[in-house]
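Below is one structure, written out as structure tokens; comments come after it.
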Amino acid sequence: MSEIKNTIKLLRFPFALFLLPITLFSFYYIHPSLTYKLVLVLIVWHILVYPSSNGYNSYHDRDEGPIGGLEAPPQPTTMLLSICNIMDVAAFLLSFLVNIYFVFFVSVYIAGSRLYSNRRFRIKKYPVTSFILVFIFQGGWIFCANILALSSVHLFWNRPVLFSVIAASFFIGTIYPLTQIYQHEADKKDGVTTLSMLLGIRGTFIFTALMFFLASLCIYLSFSNALAINKFWLFNIVMLPSMLFFFSWGIRSFLDPSKSNFKNAMRMLILSAVSNNVYFLLLIKYFPFPGF
């Protein structure tokens, strides 16, 4: 029974909260009806693919210290690997019930995720390559996958959609280094050089601020039309609490590097995810696309 509980822990289902904003952002443009395809898209990404990716990474990392969503992760077993394999196969098969485009996007995502973690290939140990992989696949890739799964390629003819695809990746670029900032010693011991290690603690905060600025710029370019600019200002208002926490945490970490710890990183990630989710839910409900 404990092995089952530990396996479920390492799948880290709640961690999907941090990736939900990308899905909601794409839904703003799609405005999908409640159909079986919509349910399948949500299940494939948030119940199967993301948790499986977490578990597969944990199986190969065998972390002894805090990881995203778990302060004291248990050691993985072969059960975890088997469950991850089953979940990925299930995601692949279910994607056929959506359409062939979705099959392609899901398959490539799973392959990229496994190349990232697997000890034989271990893209994770290369700071720039791993960042680019995550930047693309957890951001714009998911956004485009959802549009092609639930809408039409013609949606990309709208300028706001294109800028939003780019913004989705910059949102991931904002989060990704912060998930590494407290793991420098553990990653060094494992032979992994992360982007955060390469940048250092101060450099990680500066880089994160740059990524958020670029994401905000893309949001502005998405909604810069006079009839839509209020969506940009709403974004700034909703994100203000997480921005204030980020700058406060950054200043404290500049003065005392020990403040860049697991608990503060999780507070930042949760606050950012909740703020983003609230913003995109407000867009979906009160600002239906097209409205430019």
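Residues in the structure tokens are numbered from 1 in each chain, the chains being A, B, ... in the order shown, and ligands are numbered from 1 in the order shown.
Within 12 Å of Gly65 in chain A, once only C-alpha atoms are used and residues closer than 2 positions along the same chain are dropped, the contacting residues are A:Ser58, A:Asp61, A:Arg62, A:Asp63, A:Ile67, A:Gly68, A:Gly69, A:Leu70, A:Glu71, A:Ala72, A:Pro73, A:Pro74, A:Gln75, A:Gln180, A:Tyr182, A:Gln183, A:His184, A:Glu185, A:Ala186, A:Asp187, A:Lys189, A:Asp190, A:Asn261, A:Phe262.
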Among range 105-289 of chain A, which ones does DSSP place in alpha helix (DSSP H), written as a PDB file with C-alpha atoms, in the first residue's frame?
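The result, stored in result.pdb:
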```
ATOM      1  CA  PHE A 105       1.459  16.901 -30.650  1.00  0.00           C
ATOM      2  CA  VAL A 106       0.927  14.462 -27.775  1.00  0.00           C
ATOM      3  CA  SER A 107       3.375  11.910 -29.204  1.00  0.00           C
ATOM      4  CA  VAL A 108       6.146  14.454 -29.753  1.00  0.00           C
ATOM      5  CA  TYR A 109       5.605  15.936 -26.286  1.00  0.00           C
ATOM      6  CA  ILE A 110       5.926  12.510 -24.644  1.00  0.00           C
ATOM      7  CA  ALA A 111       9.060  11.731 -26.652  1.00  0.00           C
ATOM      8  CA  GLY A 112      10.613  15.088 -25.730  1.00  0.00           C
ATOM      9  CA  SER A 113       9.751  14.609 -22.071  1.00  0.00           C
ATOM     10  CA  ARG A 114      11.427  11.211 -22.005  1.00  0.00           C
ATOM     11  CA  LEU A 115      14.544  12.453 -23.781  1.00  0.00           C
ATOM     12  CA  TYR A 116      14.702  15.221 -21.180  1.00  0.00           C
ATOM     13  CA  SER A 117      14.802  12.801 -18.222  1.00  0.00           C
ATOM     14  CA  PRO A 127      21.222  24.040 -19.352  1.00  0.00           C
ATOM     15  CA  VAL A 128      20.407  25.861 -22.591  1.00  0.00           C
ATOM     16  CA  THR A 129      19.078  22.868 -24.558  1.00  0.00           C
ATOM     17  CA  SER A 130      16.846  21.770 -21.684  1.00  0.00           C
ATOM     18  CA  PHE A 131      15.508  25.304 -21.281  1.00  0.00           C
ATOM     19  CA  ILE A 132      14.664  25.564 -24.986  1.00  0.00           C
ATOM     20  CA  LEU A 133      12.939  22.164 -24.880  1.00  0.00           C
ATOM     21  CA  VAL A 134      10.756  23.108 -21.906  1.00  0.00           C
ATOM     22  CA  PHE A 135      10.219  26.656 -23.210  1.00  0.00           C
ATOM     23  CA  TRP A 141       3.439  23.647 -28.189  1.00  0.00           C
ATOM     24  CA  ILE A 142       0.537  22.968 -25.808  1.00  0.00           C
ATOM     25  CA  PHE A 143      -1.223  26.146 -26.942  1.00  0.00           C
ATOM     26  CA  CYS A 144      -1.015  25.115 -30.608  1.00  0.00           C
ATOM     27  CA  ALA A 145      -1.979  21.522 -29.827  1.00  0.00           C
ATOM     28  CA  ASN A 146      -5.191  22.638 -28.148  1.00  0.00           C
ATOM     29  CA  ILE A 147      -6.143  24.965 -30.993  1.00  0.00           C
ATOM     30  CA  LEU A 148      -5.648  22.237 -33.614  1.00  0.00           C
ATOM     31  CA  ALA A 149      -7.465  19.739 -31.407  1.00  0.00           C
ATOM     32  CA  LEU A 150     -10.530  21.861 -30.682  1.00  0.00           C
ATOM     33  CA  ARG A 159      -2.314  38.380 -34.961  1.00  0.00           C
ATOM     34  CA  PRO A 160      -3.397  38.232 -31.285  1.00  0.00           C
ATOM     35  CA  VAL A 161      -3.284  34.427 -31.399  1.00  0.00           C
ATOM     36  CA  LEU A 162       0.284  34.394 -32.729  1.00  0.00           C
ATOM     37  CA  PHE A 163       1.517  36.779 -30.032  1.00  0.00           C
ATOM     38  CA  SER A 164      -0.312  34.732 -27.429  1.00  0.00           C
ATOM     39  CA  VAL A 165       1.434  31.546 -28.573  1.00  0.00           C
ATOM     40  CA  ILE A 166       4.755  33.306 -27.990  1.00  0.00           C
ATOM     41  CA  ALA A 167       3.539  34.677 -24.649  1.00  0.00           C
ATOM     42  CA  ALA A 168       2.668  31.130 -23.541  1.00  0.00           C
ATOM     43  CA  SER A 169       6.293  30.051 -23.927  1.00  0.00           C
ATOM     44  CA  PHE A 170       7.595  33.128 -22.128  1.00  0.00           C
ATOM     45  CA  PHE A 171       5.282  32.314 -19.215  1.00  0.00           C
ATOM     46  CA  ILE A 172       6.978  28.919 -18.993  1.00  0.00           C
ATOM     47  CA  GLY A 173      10.367  30.615 -19.335  1.00  0.00           C
ATOM     48  CA  THR A 174       9.424  32.682 -16.291  1.00  0.00           C
ATOM     49  CA  ILE A 175       8.589  29.662 -14.141  1.00  0.00           C
ATOM     50  CA  HIS A 184      21.780  23.665  -7.144  1.00  0.00           C
ATOM     51  CA  GLU A 185      23.634  21.325  -4.794  1.00  0.00           C
ATOM     52  CA  ALA A 186      21.420  18.321  -5.575  1.00  0.00           C
ATOM     53  CA  ASP A 187      21.713  18.888  -9.325  1.00  0.00           C
ATOM     54  CA  LYS A 188      25.489  19.311  -9.092  1.00  0.00           C
ATOM     55  CA  LYS A 189      25.724  16.020  -7.198  1.00  0.00           C
ATOM     56  CA  LEU A 195      19.974  27.025 -16.279  1.00  0.00           C
ATOM     57  CA  SER A 196      19.598  28.375 -12.749  1.00  0.00           C
ATOM     58  CA  MET A 197      23.022  26.986 -11.804  1.00  0.00           C
ATOM     59  CA  LEU A 198      24.511  28.607 -14.900  1.00  0.00           C
ATOM     60  CA  LEU A 199      22.918  31.960 -14.064  1.00  0.00           C
ATOM     61  CA  GLY A 200      23.435  31.870 -10.312  1.00  0.00           C
ATOM     62  CA  ILE A 201      20.808  32.951  -7.796  1.00  0.00           C
ATOM     63  CA  ARG A 202      20.910  36.637  -8.717  1.00  0.00           C
ATOM     64  CA  GLY A 203      21.076  35.844 -12.418  1.00  0.00           C
ATOM     65  CA  THR A 204      18.049  33.536 -12.062  1.00  0.00           C
ATOM     66  CA  PHE A 205      15.935  36.359 -10.657  1.00  0.00           C
ATOM     67  CA  ILE A 206      17.106  38.781 -13.347  1.00  0.00           C
ATOM     68  CA  PHE A 207      16.456  36.218 -16.104  1.00  0.00           C
ATOM     69  CA  THR A 208      13.001  35.434 -14.674  1.00  0.00           C
ATOM     70  CA  ALA A 209      12.140  39.134 -14.590  1.00  0.00           C
ATOM     71  CA  LEU A 210      13.228  39.424 -18.244  1.00  0.00           C
ATOM     72  CA  MET A 211      11.066  36.437 -19.239  1.00  0.00           C
ATOM     73  CA  PHE A 212       8.056  37.935 -17.460  1.00  0.00           C
ATOM     74  CA  PHE A 213       8.656  41.309 -19.135  1.00  0.00           C
ATOM     75  CA  LEU A 214       8.701  39.610 -22.553  1.00  0.00           C
ATOM     76  CA  ALA A 215       5.554  37.637 -21.682  1.00  0.00           C
ATOM     77  CA  SER A 216       3.856  40.876 -20.628  1.00  0.00           C
ATOM     78  CA  LEU A 217       4.998  42.556 -23.840  1.00  0.00           C
ATOM     79  CA  CYS A 218       3.427  39.742 -25.880  1.00  0.00           C
ATOM     80  CA  ILE A 219       0.209  40.091 -23.871  1.00  0.00           C
ATOM     81  CA  TYR A 220       0.251  43.795 -24.680  1.00  0.00           C
ATOM     82  CA  LEU A 221       0.799  43.091 -28.383  1.00  0.00           C
ATOM     83  CA  SER A 222      -2.045  40.566 -28.254  1.00  0.00           C
ATOM     84  CA  ILE A 229      -6.329  47.209 -24.198  1.00  0.00           C
ATOM     85  CA  ASN A 230      -8.393  46.769 -21.021  1.00  0.00           C
ATOM     86  CA  LYS A 231      -7.436  43.082 -21.157  1.00  0.00           C
ATOM     87  CA  PHE A 232      -3.783  44.066 -20.822  1.00  0.00           C
ATOM     88  CA  TRP A 233      -4.464  46.308 -17.835  1.00  0.00           C
ATOM     89  CA  LEU A 234      -6.538  43.558 -16.242  1.00  0.00           C
ATOM     90  CA  PHE A 235      -3.519  41.278 -16.621  1.00  0.00           C
ATOM     91  CA  ASN A 236      -1.335  43.740 -14.706  1.00  0.00           C
ATOM     92  CA  ILE A 237      -3.890  44.135 -11.928  1.00  0.00           C
ATOM     93  CA  VAL A 238      -4.422  40.396 -11.439  1.00  0.00           C
ATOM     94  CA  MET A 239      -0.689  39.634 -11.564  1.00  0.00           C
ATOM     95  CA  LEU A 240       0.254  42.444  -9.144  1.00  0.00           C
ATOM     96  CA  PRO A 241       0.331  40.243  -5.976  1.00  0.00           C
ATOM     97  CA  SER A 242       2.665  37.703  -7.566  1.00  0.00           C
ATOM     98  CA  MET A 243       4.876  40.483  -9.002  1.00  0.00           C
ATOM     99  CA  LEU A 244       5.186  42.123  -5.577  1.00  0.00           C
ATOM    100  CA  PHE A 245       6.074  38.800  -3.964  1.00  0.00           C
ATOM    101  CA  PHE A 246       8.643  38.089  -6.685  1.00  0.00           C
ATOM    102  CA  PHE A 247      10.445  41.410  -6.235  1.00  0.00           C
ATOM    103  CA  SER A 248      10.298  41.115  -2.440  1.00  0.00           C
ATOM    104  CA  TRP A 249      11.671  37.570  -2.580  1.00  0.00           C
ATOM    105  CA  GLY A 250      14.332  38.617  -5.078  1.00  0.00           C
ATOM    106  CA  ILE A 251      15.576  41.458  -2.873  1.00  0.00           C
ATOM    107  CA  ARG A 252      15.684  39.177   0.181  1.00  0.00           C
ATOM    108  CA  SER A 253      17.545  36.523  -1.810  1.00  0.00           C
ATOM    109  CA  PHE A 254      20.072  39.068  -3.101  1.00  0.00           C
ATOM    110  CA  LEU A 255      20.854  39.941   0.525  1.00  0.00           C
ATOM    111  CA  PHE A 262      12.035  25.395  -1.589  1.00  0.00           C
ATOM    112  CA  LYS A 263       9.268  26.996   0.486  1.00  0.00           C
ATOM    113  CA  ASN A 264       9.661  30.443  -1.056  1.00  0.00           C
ATOM    114  CA  ALA A 265       9.918  28.952  -4.548  1.00  0.00           C
ATOM    115  CA  MET A 266       6.676  27.015  -4.018  1.00  0.00           C
ATOM    116  CA  ARG A 267       4.945  30.126  -2.664  1.00  0.00           C
ATOM    117  CA  MET A 268       6.038  32.003  -5.783  1.00  0.00           C
ATOM    118  CA  LEU A 269       4.949  29.265  -8.177  1.00  0.00           C
ATOM    119  CA  ILE A 270       1.564  28.755  -6.515  1.00  0.00           C
ATOM    120  CA  LEU A 271       0.834  32.491  -6.359  1.00  0.00           C
ATOM    121  CA  SER A 272       1.859  32.925  -9.995  1.00  0.00           C
ATOM    122  CA  ALA A 273      -0.209  29.944 -11.161  1.00  0.00           C
ATOM    123  CA  VAL A 274      -3.308  31.040  -9.248  1.00  0.00           C
ATOM    124  CA  SER A 275      -2.977  34.609 -10.586  1.00  0.00           C
ATOM    125  CA  ASN A 276      -2.594  33.396 -14.159  1.00  0.00           C
ATOM    126  CA  ASN A 277      -5.493  30.967 -13.841  1.00  0.00           C
ATOM    127  CA  VAL A 278      -7.746  33.676 -12.431  1.00  0.00           C
ATOM    128  CA  TYR A 279      -6.787  36.046 -15.247  1.00  0.00           C
ATOM    129  CA  PHE A 280      -7.498  33.578 -18.044  1.00  0.00           C
ATOM    130  CA  LEU A 281     -10.747  32.441 -16.442  1.00  0.00           C
ATOM    131  CA  LEU A 282     -11.846  36.093 -16.335  1.00  0.00           C
ATOM    132  CA  LEU A 283     -10.929  36.475 -20.007  1.00  0.00           C
ATOM    133  CA  ILE A 284     -12.912  33.385 -20.978  1.00  0.00           C
ATOM    134  CA  LYS A 285     -15.984  34.470 -19.029  1.00  0.00           C
ATOM    135  CA  TYR A 286     -16.110  38.215 -19.633  1.00  0.00           C
TER     136      TYR A 286
END
```
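Coordinates place CA of Pro21 in chain A at a distance of 26.0 Å from CA of Ile86 in chain A.
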How many Å separate CA of Asp88 in chain A from CA of Gly191 in chain A? 27.2 Å
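Distances here use only C-alpha atoms; by that measure, the residue among A:Glu64, A:Leu80, A:Phe15, A:Leu38 closest to Pro51 in chain A is A:Phe15.
Shortest atom-to-atom contact with Leu10 in chain A among A:His60, A:His31, A:Lys37, A:Lys124: A:His60, counting only C-alpha atoms.
Of note, CA of Phe13 in chain A and CA of Val44 in chain A are spaced 12.6 Å apart.
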